[in-house]
file my_file.txt (compact mmCIF, C-alpha atoms and all ligand atoms)
# COMPACT_ATOMS: atom_id res chain seq x y z
CA MET A 1 -82.19 -28.68 67.66
CA THR A 2 -80.23 -31.89 68.07
CA GLU A 3 -82.32 -35.02 67.59
CA LYS A 4 -81.75 -37.00 70.76
CA LEU A 5 -81.13 -40.71 70.24
CA PHE A 6 -80.46 -41.80 73.80
CA ASP A 7 -83.97 -43.08 74.53
CA ASP A 8 -82.35 -46.30 73.31
CA GLY A 9 -79.84 -46.66 76.12
CA MET A 10 -77.90 -49.36 74.26
CA LEU A 11 -77.21 -47.26 71.16
CA PHE A 12 -73.48 -46.63 71.48
CA SER A 13 -72.58 -45.93 67.85
CA PHE A 14 -74.28 -43.68 65.27
CA SER A 15 -73.52 -41.34 62.41
CA ALA A 16 -74.45 -37.65 62.28
CA VAL A 17 -73.61 -34.39 60.57
CA VAL A 18 -71.65 -31.65 62.32
CA THR A 19 -73.77 -28.46 62.37
CA GLN A 20 -71.57 -26.21 64.54
CA CYS A 21 -68.09 -26.22 66.03
CA ASN A 22 -66.83 -23.42 68.24
CA GLU A 23 -63.51 -23.08 70.01
CA THR A 24 -63.74 -22.36 73.77
CA GLN A 25 -61.29 -22.23 76.67
CA ASN A 26 -61.89 -25.89 77.46
CA GLY A 27 -61.90 -27.31 73.95
CA PHE A 28 -64.11 -27.38 70.87
CA GLU A 29 -67.88 -27.40 71.31
CA ALA A 30 -69.40 -29.47 68.51
CA VAL A 31 -73.11 -29.74 67.77
CA LEU A 32 -74.59 -32.49 65.58
CA ASP A 33 -77.92 -32.88 63.79
CA ARG A 34 -78.51 -36.02 65.91
CA SER A 35 -76.71 -37.58 68.86
CA ALA A 36 -76.81 -40.59 71.15
CA PHE A 37 -74.40 -38.83 73.55
CA PHE A 38 -76.22 -38.03 76.78
CA PRO A 39 -75.75 -34.47 78.06
CA GLU A 40 -75.42 -34.37 81.84
CA GLY A 41 -78.76 -34.45 83.69
CA GLY A 42 -80.88 -36.24 86.27
CA GLY A 43 -77.77 -36.92 88.37
CA GLN A 44 -76.00 -38.68 85.50
CA ALA A 45 -72.79 -37.21 84.04
CA GLY A 46 -72.37 -36.34 80.35
CA ASP A 47 -71.09 -39.07 78.04
CA VAL A 48 -67.51 -39.39 76.82
CA GLY A 49 -66.27 -41.15 73.67
CA THR A 50 -65.21 -40.12 70.16
CA LEU A 51 -66.67 -38.19 67.22
CA GLY A 52 -64.95 -38.82 63.88
CA GLY A 53 -62.00 -40.21 65.83
CA VAL A 54 -61.74 -37.03 67.95
CA GLU A 55 -61.97 -37.47 71.71
CA VAL A 56 -65.16 -36.19 73.37
CA ILE A 57 -64.34 -35.34 77.00
CA ASP A 58 -67.80 -34.18 78.11
CA THR A 59 -71.34 -33.68 76.86
CA TYR A 60 -73.78 -31.07 78.12
CA GLU A 61 -76.80 -29.11 77.04
CA LYS A 62 -76.60 -25.46 75.98
CA ASN A 63 -79.59 -23.53 74.61
CA GLY A 64 -81.45 -26.75 73.89
CA GLU A 65 -78.54 -28.21 71.89
CA VAL A 66 -76.45 -31.23 72.86
CA VAL A 67 -72.88 -29.91 73.00
CA HIS A 68 -69.96 -32.34 72.62
CA LEU A 69 -66.77 -30.96 74.12
CA CYS A 70 -64.02 -32.21 71.78
CA LYS A 71 -60.24 -32.12 72.04
CA SER A 72 -59.85 -31.10 68.37
CA PRO A 73 -62.11 -29.22 65.94
CA LEU A 74 -64.64 -30.99 63.69
CA GLU A 75 -65.45 -29.75 60.18
CA VAL A 76 -68.94 -28.25 59.94
CA GLY A 77 -70.99 -30.15 57.36
CA ALA A 78 -68.93 -33.33 57.68
CA GLU A 79 -70.58 -36.65 58.48
CA VAL A 80 -68.95 -38.23 61.52
CA ARG A 81 -69.21 -41.51 63.39
CA GLY A 82 -70.01 -41.13 67.06
CA ASN A 83 -68.84 -43.80 69.48
CA ILE A 84 -69.81 -43.58 73.14
CA ASP A 85 -67.48 -45.07 75.76
CA GLU A 86 -69.69 -48.10 76.42
CA ASN A 87 -68.06 -49.24 79.64
CA ILE A 88 -68.52 -45.87 81.36
CA ARG A 89 -72.05 -45.40 79.99
CA ILE A 90 -73.19 -48.91 80.98
CA ARG A 91 -71.86 -48.48 84.52
CA ARG A 92 -73.72 -45.17 84.84
CA MET A 93 -76.93 -46.64 83.44
CA GLN A 94 -76.66 -49.61 85.81
CA ASN A 95 -76.22 -47.30 88.81
CA HIS A 96 -79.00 -45.01 87.65
CA SER A 97 -81.46 -47.80 86.80
CA GLY A 98 -80.58 -49.59 90.04
CA GLU A 99 -81.51 -46.42 91.91
CA HIS A 100 -84.91 -46.24 90.15
CA LEU A 101 -85.59 -49.89 90.94
CA LEU A 102 -84.62 -49.71 94.61
CA MET A 103 -86.36 -46.35 95.03
CA GLY A 104 -89.51 -47.83 93.44
CA PHE A 105 -89.74 -50.47 96.17
CA ILE A 106 -88.91 -47.97 98.94
CA HIS A 107 -91.52 -45.51 97.61
CA ASN A 108 -94.19 -48.20 97.27
CA LYS A 109 -93.56 -49.54 100.77
CA LEU A 110 -92.95 -46.34 102.74
CA GLY A 111 -94.10 -43.47 100.50
CA TYR A 112 -90.70 -41.75 100.68
CA GLU A 113 -89.27 -39.58 97.92
CA ASN A 114 -85.75 -39.31 96.60
CA VAL A 115 -84.77 -35.78 97.69
CA GLY A 116 -81.08 -35.95 96.76
CA PHE A 117 -79.09 -38.01 94.31
CA HIS A 118 -75.38 -38.04 93.59
CA MET A 119 -73.82 -40.51 91.22
CA GLY A 120 -70.08 -41.25 91.12
CA SER A 121 -68.35 -44.46 90.04
CA GLU A 122 -67.32 -45.37 93.57
CA GLU A 123 -70.30 -43.99 95.40
CA VAL A 124 -73.95 -43.35 94.62
CA LEU A 125 -75.81 -41.36 97.28
CA LEU A 126 -79.57 -41.57 97.59
CA ASP A 127 -81.25 -39.24 100.10
CA LEU A 128 -84.68 -40.25 101.41
CA ASN A 129 -87.07 -37.83 103.12
CA GLY A 130 -87.86 -40.38 105.83
CA VAL A 131 -86.21 -42.79 108.19
CA ILE A 132 -85.85 -46.34 106.91
CA SER A 133 -85.02 -49.25 109.19
CA PRO A 134 -82.27 -51.79 108.42
CA GLU A 135 -85.02 -54.43 108.02
CA ASP A 136 -86.85 -52.34 105.41
CA ILE A 137 -83.58 -51.60 103.58
CA ARG A 138 -82.89 -55.32 103.44
CA GLU A 139 -86.37 -56.13 102.24
CA CYS A 140 -86.38 -53.47 99.49
CA GLU A 141 -82.87 -54.49 98.40
CA GLN A 142 -83.97 -58.11 98.25
CA ARG A 143 -87.08 -57.32 96.22
CA ALA A 144 -85.08 -55.09 93.84
CA ASN A 145 -82.63 -57.93 93.19
CA GLU A 146 -85.48 -60.38 92.66
CA ALA A 147 -86.86 -57.94 90.07
CA ILE A 148 -83.40 -57.98 88.42
CA ALA A 149 -83.62 -61.77 88.22
CA ARG A 150 -87.02 -61.48 86.50
CA ASN A 151 -85.50 -59.20 83.80
CA ILE A 152 -88.40 -56.73 83.68
CA PRO A 153 -88.52 -54.18 80.80
CA ILE A 154 -87.56 -50.57 81.53
CA THR A 155 -89.35 -48.35 79.02
CA ILE A 156 -89.34 -44.68 78.05
CA SER A 157 -92.55 -42.85 77.15
CA TYR A 158 -93.87 -39.34 76.64
CA PRO A 159 -97.53 -39.55 77.74
CA ASP A 160 -100.04 -36.97 76.47
CA SER A 161 -101.29 -34.44 79.03
CA GLY A 162 -104.44 -36.44 79.86
CA THR A 163 -102.56 -39.69 80.45
CA LEU A 164 -99.90 -37.83 82.41
CA ALA A 165 -102.42 -36.16 84.71
CA ALA A 166 -103.85 -39.56 85.62
CA LEU A 167 -100.44 -41.21 85.99
CA GLU A 168 -98.88 -41.88 89.39
CA TYR A 169 -95.19 -41.14 89.04
CA ARG A 170 -92.25 -39.99 91.14
CA SER A 171 -90.61 -36.59 90.60
CA LYS A 172 -94.00 -35.20 89.55
CA LEU A 173 -93.43 -32.09 87.43
CA GLU A 174 -95.51 -28.99 86.84
CA MET A 175 -95.05 -29.60 83.11
CA THR A 176 -97.86 -31.30 81.23
CA GLU A 177 -96.09 -31.86 77.90
CA ASN A 178 -92.98 -33.72 76.80
CA VAL A 179 -92.52 -35.26 80.21
CA ARG A 180 -90.23 -38.26 79.83
CA ILE A 181 -91.41 -41.13 81.97
CA VAL A 182 -89.12 -44.04 82.82
CA THR A 183 -91.22 -47.08 83.68
CA ILE A 184 -90.15 -50.31 85.32
CA GLU A 185 -93.24 -52.33 84.58
CA GLY A 186 -95.39 -52.95 87.63
CA ILE A 187 -92.82 -51.37 89.98
CA ASP A 188 -92.03 -47.74 89.26
CA ASN A 189 -92.82 -44.69 87.12
CA CYS A 190 -90.44 -41.76 87.37
CA ALA A 191 -89.90 -38.59 85.37
CA CYS A 192 -86.25 -38.66 84.28
CA CYS A 193 -84.20 -37.43 81.32
CA ALA A 194 -81.30 -39.87 81.42
CA PRO A 195 -80.63 -43.11 79.53
CA HIS A 196 -81.33 -46.32 81.43
CA MET A 197 -80.77 -50.04 80.95
CA PRO A 198 -83.49 -51.55 78.70
CA THR A 199 -84.36 -54.24 81.25
CA THR A 200 -83.76 -54.78 84.96
CA GLY A 201 -81.54 -57.77 84.14
CA GLY A 202 -78.89 -55.39 82.79
CA ILE A 203 -78.52 -53.82 86.26
CA GLY A 204 -76.93 -57.08 87.43
CA ILE A 205 -77.14 -56.30 91.13
CA VAL A 206 -78.19 -53.40 93.33
CA LYS A 207 -76.51 -53.27 96.74
CA VAL A 208 -77.01 -50.90 99.66
CA ILE A 209 -73.47 -50.40 100.97
CA SER A 210 -74.37 -48.39 104.08
CA SER A 211 -76.91 -45.95 105.46
CA GLU A 212 -76.83 -42.96 107.78
CA SER A 213 -79.18 -40.36 109.25
CA ASN A 214 -79.45 -37.29 107.09
CA ARG A 215 -81.55 -34.16 107.85
CA GLY A 216 -84.39 -36.06 109.44
CA GLY A 217 -84.26 -38.70 106.71
CA THR A 218 -81.81 -41.33 105.57
CA ARG A 219 -78.86 -41.25 103.19
CA LEU A 220 -78.24 -44.56 101.45
CA HIS A 221 -74.91 -45.38 99.83
CA ILE A 222 -75.70 -47.76 97.00
CA LEU A 223 -73.91 -49.30 94.03
CA SER A 224 -75.18 -51.35 91.11
CA GLY A 225 -73.81 -53.58 88.38
CA LEU A 226 -70.13 -53.55 87.46
CA ASP A 227 -69.29 -50.80 89.97
CA ALA A 228 -70.88 -52.95 92.70
CA LEU A 229 -68.81 -55.91 91.51
CA ASP A 230 -65.62 -53.83 91.75
CA LEU A 231 -66.44 -52.80 95.31
CA ILE A 232 -67.46 -56.30 96.38
CA ARG A 233 -64.23 -57.67 94.90
CA LYS A 234 -62.15 -55.04 96.74
CA ARG A 235 -63.85 -55.79 100.05
CA MET A 236 -63.61 -59.53 99.57
CA GLU A 237 -59.88 -59.22 98.85
CA SER A 238 -59.46 -57.27 102.06
CA ASN A 239 -61.48 -59.85 103.99
CA ALA A 240 -59.48 -62.67 102.38
CA ALA A 241 -56.25 -61.03 103.58
CA ILE A 242 -57.64 -60.79 107.14
CA SER A 243 -58.85 -64.40 106.87
CA HIS A 244 -55.36 -65.53 105.83
CA LEU A 245 -53.59 -63.49 108.53
CA LEU A 246 -55.85 -64.82 111.28
CA SER A 247 -56.28 -68.33 109.86
CA ALA A 248 -60.04 -67.86 110.09
CA LYS A 249 -62.73 -68.81 107.61
CA PRO A 250 -63.76 -65.75 105.51
CA GLU A 251 -67.21 -65.65 107.15
CA LYS A 252 -65.64 -65.88 110.63
CA THR A 253 -63.15 -62.98 110.37
CA ALA A 254 -65.20 -60.70 112.66
CA ASP A 255 -65.14 -63.34 115.40
CA ALA A 256 -61.39 -63.79 114.93
CA VAL A 257 -60.75 -60.02 115.10
CA GLU A 258 -62.89 -59.73 118.23
CA LYS A 259 -60.88 -62.51 119.85
CA LEU A 260 -57.66 -60.76 118.88
CA LEU A 261 -58.88 -57.44 120.32
CA ASN A 262 -59.82 -59.14 123.60
CA GLU A 263 -56.38 -60.77 123.77
CA ASN A 264 -54.88 -57.37 123.11
CA ILE A 265 -56.85 -55.81 125.98
CA ALA A 266 -55.74 -58.64 128.30
CA LEU A 267 -52.10 -58.18 127.23
CA LYS A 268 -52.22 -54.43 127.84
CA ARG A 269 -53.68 -55.10 131.26
CA GLN A 270 -50.86 -57.57 131.97
CA ILE A 271 -48.24 -55.07 130.83
CA THR A 272 -49.70 -52.39 133.11
CA GLU A 273 -49.68 -54.87 135.98
CA ASN A 274 -46.07 -55.89 135.28
CA GLU A 275 -45.00 -52.26 135.08
CA ARG A 276 -46.73 -51.50 138.37
CA HIS A 277 -44.79 -54.35 140.05
CA ALA A 278 -41.52 -53.18 138.53
CA ALA A 279 -42.20 -49.62 139.69
CA GLU A 280 -43.05 -50.76 143.22
CA GLU A 281 -39.83 -52.76 143.39
CA ILE A 282 -37.74 -49.82 142.21
CA ILE A 283 -39.41 -47.39 144.61
CA SER A 284 -39.08 -49.70 147.62
CA GLY A 285 -35.34 -50.05 146.88
CA LEU A 286 -34.69 -46.31 147.03
CA LYS A 287 -32.80 -45.04 150.07
CA ASN A 288 -33.82 -41.75 151.60
CA ASP A 289 -30.80 -39.53 151.08
CA SER A 290 -31.73 -35.89 150.75
CA ARG A 291 -28.25 -34.86 149.56
CA LYS A 292 -28.11 -37.17 146.59
CA SER A 293 -29.96 -37.18 143.28
CA PHE A 294 -31.51 -40.39 141.99
CA CYS A 295 -30.43 -41.76 138.64
CA ILE A 296 -32.68 -44.72 137.91
CA PHE A 297 -32.20 -46.83 134.78
CA THR A 298 -35.08 -48.98 133.59
CA ARG A 299 -36.02 -50.92 130.50
CA GLY A 300 -39.31 -51.35 128.67
CA LEU A 301 -41.34 -49.11 130.98
CA GLY A 302 -43.97 -46.72 129.62
CA ARG A 303 -43.83 -42.99 130.29
CA ASN A 304 -46.65 -43.18 132.83
CA THR A 305 -44.77 -45.69 134.94
CA MET A 306 -41.53 -43.68 134.65
CA ARG A 307 -43.43 -40.59 135.79
CA GLU A 308 -44.85 -42.49 138.75
CA ILE A 309 -41.34 -43.60 139.81
CA ALA A 310 -40.02 -40.04 139.43
CA ASN A 311 -42.92 -38.66 141.50
CA GLN A 312 -42.21 -41.11 144.34
CA ALA A 313 -38.42 -40.74 144.19
CA VAL A 314 -38.49 -36.94 144.23
CA LYS A 315 -40.07 -37.01 147.71
CA LEU A 316 -36.85 -38.60 149.03
CA THR A 317 -34.35 -36.05 147.75
CA ASP A 318 -33.60 -32.34 147.58
CA GLY A 319 -31.85 -33.02 144.26
CA LEU A 320 -33.12 -34.64 141.10
CA ALA A 321 -35.12 -37.80 140.56
CA ALA A 322 -34.15 -38.88 137.06
CA VAL A 323 -35.68 -41.97 135.48
CA PHE A 324 -34.28 -43.34 132.21
CA SER A 325 -35.69 -46.02 129.98
CA GLU A 326 -33.55 -47.65 127.34
CA GLU A 327 -35.00 -47.18 123.89
CA GLN A 328 -33.83 -47.24 120.30
CA GLY A 329 -30.87 -44.89 119.87
CA GLY A 330 -30.54 -43.93 123.53
CA PHE A 331 -32.72 -43.28 126.55
CA GLY A 332 -36.05 -41.69 127.25
CA TYR A 333 -36.00 -39.55 130.38
CA ILE A 334 -38.33 -38.10 132.96
CA ILE A 335 -36.73 -35.91 135.60
CA ALA A 336 -38.49 -34.44 138.61
CA SER A 337 -37.32 -31.99 141.26
CA GLU A 338 -39.05 -30.03 143.99
CA LYS A 339 -36.24 -27.53 144.54
CA LEU A 340 -34.18 -27.07 141.37
CA PRO A 341 -34.95 -24.86 138.31
CA LEU A 342 -35.51 -27.82 135.99
CA ARG A 343 -36.82 -25.84 133.04
CA THR A 344 -33.50 -23.97 132.75
CA MET A 345 -31.47 -27.08 133.52
CA ALA A 346 -33.15 -28.97 130.66
CA ARG A 347 -31.17 -26.93 128.15
CA ASP A 348 -27.81 -27.90 129.75
CA ILE A 349 -28.84 -31.56 130.12
CA ASN A 350 -29.92 -31.79 126.48
CA SER A 351 -26.82 -30.09 125.15
CA ALA A 352 -24.42 -32.13 127.33
CA LEU A 353 -26.03 -35.47 126.57
CA GLY A 354 -27.28 -35.05 122.99
CA GLY A 355 -30.92 -34.83 123.84
CA LYS A 356 -34.13 -32.97 123.33
CA GLY A 357 -37.13 -32.26 125.50
CA GLY A 358 -38.34 -29.91 128.18
CA GLY A 359 -41.20 -29.18 130.54
CA SER A 360 -41.74 -27.26 133.79
CA ASP A 361 -39.53 -26.58 136.82
CA LEU A 362 -41.17 -29.55 138.56
CA MET A 363 -40.76 -32.07 135.74
CA ILE A 364 -39.07 -32.35 132.37
CA GLN A 365 -39.11 -35.17 129.85
CA GLY A 366 -37.42 -36.05 126.59
CA SER A 367 -34.78 -38.31 125.13
CA LEU A 368 -30.97 -38.54 125.17
CA THR A 369 -28.55 -40.14 122.73
CA ALA A 370 -25.64 -40.35 125.21
CA LYS A 371 -24.41 -43.66 126.67
CA ARG A 372 -25.39 -44.79 130.17
CA GLY A 373 -21.88 -44.12 131.58
CA GLU A 374 -21.92 -40.54 130.26
CA ILE A 375 -25.36 -39.94 131.74
CA GLU A 376 -24.34 -41.33 135.16
CA GLU A 377 -21.18 -39.25 135.16
CA TYR A 378 -23.06 -36.09 134.25
CA PHE A 379 -25.68 -36.49 136.97
CA SER A 380 -23.21 -37.51 139.70
CA GLY A 381 -21.30 -34.34 138.79
CA LEU A 382 -24.40 -32.28 139.59
CA ASP A 383 -24.40 -33.46 143.21
CA LYS A 384 -20.83 -32.26 143.88
ZN ZN A 401 -83.38 -41.86 85.85

call {"tool": "encode", "arguments": {"input": "my_file.txt", "output": "structure tokens", "more": "lines below"}}
Ligand SMILES: [Zn+2]
result
Amino acid sequence: MTEKLFDDGMLFSFSAVVTQCNETQNGFEAVLDRSAFFPEGGGQAGDVGTLGGVEVIDTYEKNGEVVHLCKSPLEVGAEVRGNIDENIRIRRMQNHSGEHLLMGFIHNKLGYENVGFHMGSEEVLLDLNGVISPEDIRECEQRANEAIARNIPITISYPDSGTLAALEYRSKLEMTENVRIVTIEGIDNCACCAPHMPTTGGIGIVKVISSESNRGGTRLHILSGLDALDLIRKRMESNAAISHLLSAKPEKTADAVEKLLNENIALKRQITENERHAAEEIISGLKNDSRKSFCIFTRGLGRNTMREIANQAVKLTDGLAAVFSEEQGGFGYIIASEKLPLRTMARDINSALGGKGGGSDLMIQGSLTAKRGEIEEYFSGLDK
């Protein structure tokens, strides 16, 4: 069986002898006599790196052996140098150790367990089997980061069955032997198989990004270390852009956006008011003439206002009440009629005036590319 070297989380380079190498569909599965590569487990993905210069794209466990999935074959019996991709491994260890640390404080304060854990580079999900308040999240996050500042050792041990039975630890297992305990001194004991940072200082920062209700408990989105820095940088850049656009101090962007939204609401209200006045003016200017269709040209009016004008105008005629609004590339139209088969007429109107649209016999709407003169001529022709 492979001798596992990853109890020392900071061992990124080692030498070993290749004991097996088998070709599979996905690549070459190499087994070594010893390895610091971590095979996927405990929510942490398998390591990547190189073995004898050959790329290792994944590491997993198979029949008790650590299997390195390589892009090319390795010679059985050869001594190879293994190099783990340090950047990826450190980020994973930071996220994983940050989760232990934060979870330690949550468990000690509220007694909750971690009942779900997913670790990606942009998102780490931590599911709690209880509801945690924003105040408690803040307090535990604060205490976890203070523990980072104190640079407390994180140690690995394999207690004997007697010691284990007496030990308080999270993820309590039925097993009594070879249980790997990850200890953050004075804060947390947890059974876990993955490599961790050697001290809390290496975590750098642990940040709760957001939280949500989840199956009667709470799901926390957290990030630690360099991944947290990447996210914080991204969000700060976005906030800086908003700050620049609104000429507001970075810590005052929410106030500035709120002000902008309120101005926007007031402007929309003003536009609606203006449109209502314009519509009233147009409607009051219409002459009751049942023989003649209405062809009303407007500018800058919304569809709702155009519809309102058409609805009022159609009461004054046996023909059509057509309302047009100038827009890019032509006119938008809404046409109403109480007597004419508008749905059928829509086809002729669209084909004569380069348009599209449709609707019911009572009202059709769409757009036309024809010029105003052509439209007026077409509709006056309908009344003859
Ligand atoms: Zn762990």

call {"tool": "residues_around", "arguments": {"input": "my_file.txt", "residues": "Ser35 in chain A", "least_positions_apart": "4", "cutoff": "9 Å", "atoms": "only C-alpha atoms", "output": "list in words"}}
result
Thr2, Glu3, Lys4, Leu5, Phe6, Phe14, Ser15, Ala16, Val31, Val66 and Gly82 of chain A

call {"tool": "write_last_selection", "arguments": {"input": "my_file.txt", "atoms": "C-alpha atoms", "output": "PDB file, keeping the file's coordinate frame"}}
result
ATOM      1  CA  THR A   2     -80.230 -31.890  68.070  1.00  0.00           C
ATOM      2  CA  GLU A   3     -82.320 -35.020  67.590  1.00  0.00           C
ATOM      3  CA  LYS A   4     -81.750 -37.000  70.760  1.00  0.00           C
ATOM      4  CA  LEU A   5     -81.130 -40.710  70.240  1.00  0.00           C
ATOM      5  CA  PHE A   6     -80.460 -41.800  73.800  1.00  0.00           C
ATOM      6  CA  PHE A  14     -74.280 -43.680  65.270  1.00  0.00           C
ATOM      7  CA  SER A  15     -73.520 -41.340  62.410  1.00  0.00           C
ATOM      8  CA  ALA A  16     -74.450 -37.650  62.280  1.00  0.00           C
ATOM      9  CA  VAL A  31     -73.110 -29.740  67.770  1.00  0.00           C
ATOM     10  CA  VAL A  66     -76.450 -31.230  72.860  1.00  0.00           C
ATOM     11  CA  GLY A  82     -70.010 -41.130  67.060  1.00  0.00           C
TER      12      GLY A  82
END

call {"tool": "residues_near_ligand", "arguments": {"input": "my_file.txt", "ligand": "ligand ZN 401 (chain A)", "cutoff": "10 Å", "atoms": "all atoms listed in the file", "output": "list in words"}}
result
Gly41, Gly42, Gly43, Gln44, Met93, Asn95, His96, Ser97, Gly98, Glu99, His100, Leu101, Arg180, Ile181, Val182, Thr183, Asn189, Cys190, Ala191, Cys192, Cys193, Ala194, Pro195, His196 and Met197 of chain A

call {"tool": "closest_residue", "arguments": {"input": "my_file.txt", "among": "A:Ser210, A:Ser121, A:Asn83, A:Ser72", "to": "Ile137 in chain A", "atoms": "only C-alpha atoms"}}
result
A:Ser210

call {"tool": "atom_distance", "arguments": {"input": "my_file.txt", "atom1": "CA of Thr305 in chain A", "atom2": "CA of Ala322 in chain A"}}
result
12.8 Å

call {"tool": "atom_distance", "arguments": {"input": "my_file.txt", "atom1": "CA of Ile154 in chain A", "atom2": "CA of Val206 in chain A"}}
result
15.3 Å

call {"tool": "decode", "arguments": {"input": "my_file.txt", "residues": "range 172-233 of chain A", "atoms": "C-alpha atoms", "output": "PDB file, in the first residue's frame"}}
result
ATOM      1  CA  LYS A 172     -17.495  11.131  15.195  1.00  0.00           C
ATOM      2  CA  LEU A 173     -16.930   7.791  13.473  1.00  0.00           C
ATOM      3  CA  GLU A 174     -17.894   4.251  14.392  1.00  0.00           C
ATOM      4  CA  MET A 175     -14.253   3.292  13.817  1.00  0.00           C
ATOM      5  CA  THR A 176     -11.998   2.980  16.842  1.00  0.00           C
ATOM      6  CA  GLU A 177      -8.657   2.582  15.052  1.00  0.00           C
ATOM      7  CA  ASN A 178      -6.656   4.685  12.611  1.00  0.00           C
ATOM      8  CA  VAL A 179      -9.007   7.614  12.973  1.00  0.00           C
ATOM      9  CA  ARG A 180      -7.204  10.714  11.740  1.00  0.00           C
ATOM     10  CA  ILE A 181      -7.934  13.662  13.957  1.00  0.00           C
ATOM     11  CA  VAL A 182      -7.275  17.221  12.810  1.00  0.00           C
ATOM     12  CA  THR A 183      -6.842  19.465  15.835  1.00  0.00           C
ATOM     13  CA  ILE A 184      -6.828  23.240  16.011  1.00  0.00           C
ATOM     14  CA  GLU A 185      -5.470  23.612  19.499  1.00  0.00           C
ATOM     15  CA  GLY A 186      -8.069  24.753  22.001  1.00  0.00           C
ATOM     16  CA  ILE A 187     -10.708  25.283  19.289  1.00  0.00           C
ATOM     17  CA  ASP A 188     -11.607  22.178  17.316  1.00  0.00           C
ATOM     18  CA  ASN A 189     -11.077  18.435  16.898  1.00  0.00           C
ATOM     19  CA  CYS A 190     -12.433  16.854  13.738  1.00  0.00           C
ATOM     20  CA  ALA A 191     -12.009  13.500  12.031  1.00  0.00           C
ATOM     21  CA  CYS A 192     -10.764  14.278   8.519  1.00  0.00           C
ATOM     22  CA  CYS A 193      -8.528  12.627   5.925  1.00  0.00           C
ATOM     23  CA  ALA A 194      -7.360  15.666   3.973  1.00  0.00           C
ATOM     24  CA  PRO A 195      -4.196  17.777   4.207  1.00  0.00           C
ATOM     25  CA  HIS A 196      -4.531  21.071   6.067  1.00  0.00           C
ATOM     26  CA  MET A 197      -2.436  24.173   6.677  1.00  0.00           C
ATOM     27  CA  PRO A 198       0.075  23.574   9.524  1.00  0.00           C
ATOM     28  CA  THR A 199      -1.087  26.658  11.440  1.00  0.00           C
ATOM     29  CA  THR A 200      -4.137  28.915  11.370  1.00  0.00           C
ATOM     30  CA  GLY A 201      -1.946  31.798  10.162  1.00  0.00           C
ATOM     31  CA  GLY A 202      -1.623  30.072   6.781  1.00  0.00           C
ATOM     32  CA  ILE A 203      -5.391  30.384   6.245  1.00  0.00           C
ATOM     33  CA  GLY A 204      -4.905  34.147   5.887  1.00  0.00           C
ATOM     34  CA  ILE A 205      -8.583  35.034   6.175  1.00  0.00           C
ATOM     35  CA  VAL A 206     -11.897  33.211   6.434  1.00  0.00           C
ATOM     36  CA  LYS A 207     -14.896  35.125   5.118  1.00  0.00           C
ATOM     37  CA  VAL A 208     -18.586  34.248   5.099  1.00  0.00           C
ATOM     38  CA  ILE A 209     -19.757  35.550   1.718  1.00  0.00           C
ATOM     39  CA  SER A 210     -23.486  34.917   2.195  1.00  0.00           C
ATOM     40  CA  SER A 211     -25.952  32.640   3.941  1.00  0.00           C
ATOM     41  CA  GLU A 212     -29.338  31.164   3.118  1.00  0.00           C
ATOM     42  CA  SER A 213     -31.946  28.854   4.641  1.00  0.00           C
ATOM     43  CA  ASN A 214     -31.381  25.251   3.714  1.00  0.00           C
ATOM     44  CA  ARG A 215     -33.571  22.270   4.762  1.00  0.00           C
ATOM     45  CA  GLY A 216     -34.333  23.631   8.196  1.00  0.00           C
ATOM     46  CA  GLY A 217     -30.721  24.699   8.671  1.00  0.00           C
ATOM     47  CA  THR A 218     -28.388  27.220   7.095  1.00  0.00           C
ATOM     48  CA  ARG A 219     -26.105  27.074   4.075  1.00  0.00           C
ATOM     49  CA  LEU A 220     -23.054  29.299   4.385  1.00  0.00           C
ATOM     50  CA  HIS A 221     -21.035  30.376   1.365  1.00  0.00           C
ATOM     51  CA  ILE A 222     -17.497  30.880   2.615  1.00  0.00           C
ATOM     52  CA  LEU A 223     -14.047  31.462   1.150  1.00  0.00           C
ATOM     53  CA  SER A 224     -10.612  31.506   2.743  1.00  0.00           C
ATOM     54  CA  GLY A 225      -7.097  32.636   1.917  1.00  0.00           C
ATOM     55  CA  LEU A 226      -6.057  33.418  -1.649  1.00  0.00           C
ATOM     56  CA  ASP A 227      -9.460  32.472  -3.094  1.00  0.00           C
ATOM     57  CA  ALA A 228     -11.064  34.939  -0.660  1.00  0.00           C
ATOM     58  CA  LEU A 229      -8.565  37.589  -1.778  1.00  0.00           C
ATOM     59  CA  ASP A 230      -9.494  36.979  -5.432  1.00  0.00           C
ATOM     60  CA  LEU A 231     -13.189  37.397  -4.657  1.00  0.00           C
ATOM     61  CA  ILE A 232     -12.673  40.469  -2.482  1.00  0.00           C
ATOM     62  CA  ARG A 233     -10.541  42.026  -5.232  1.00  0.00           C
TER      63      ARG A 233
END
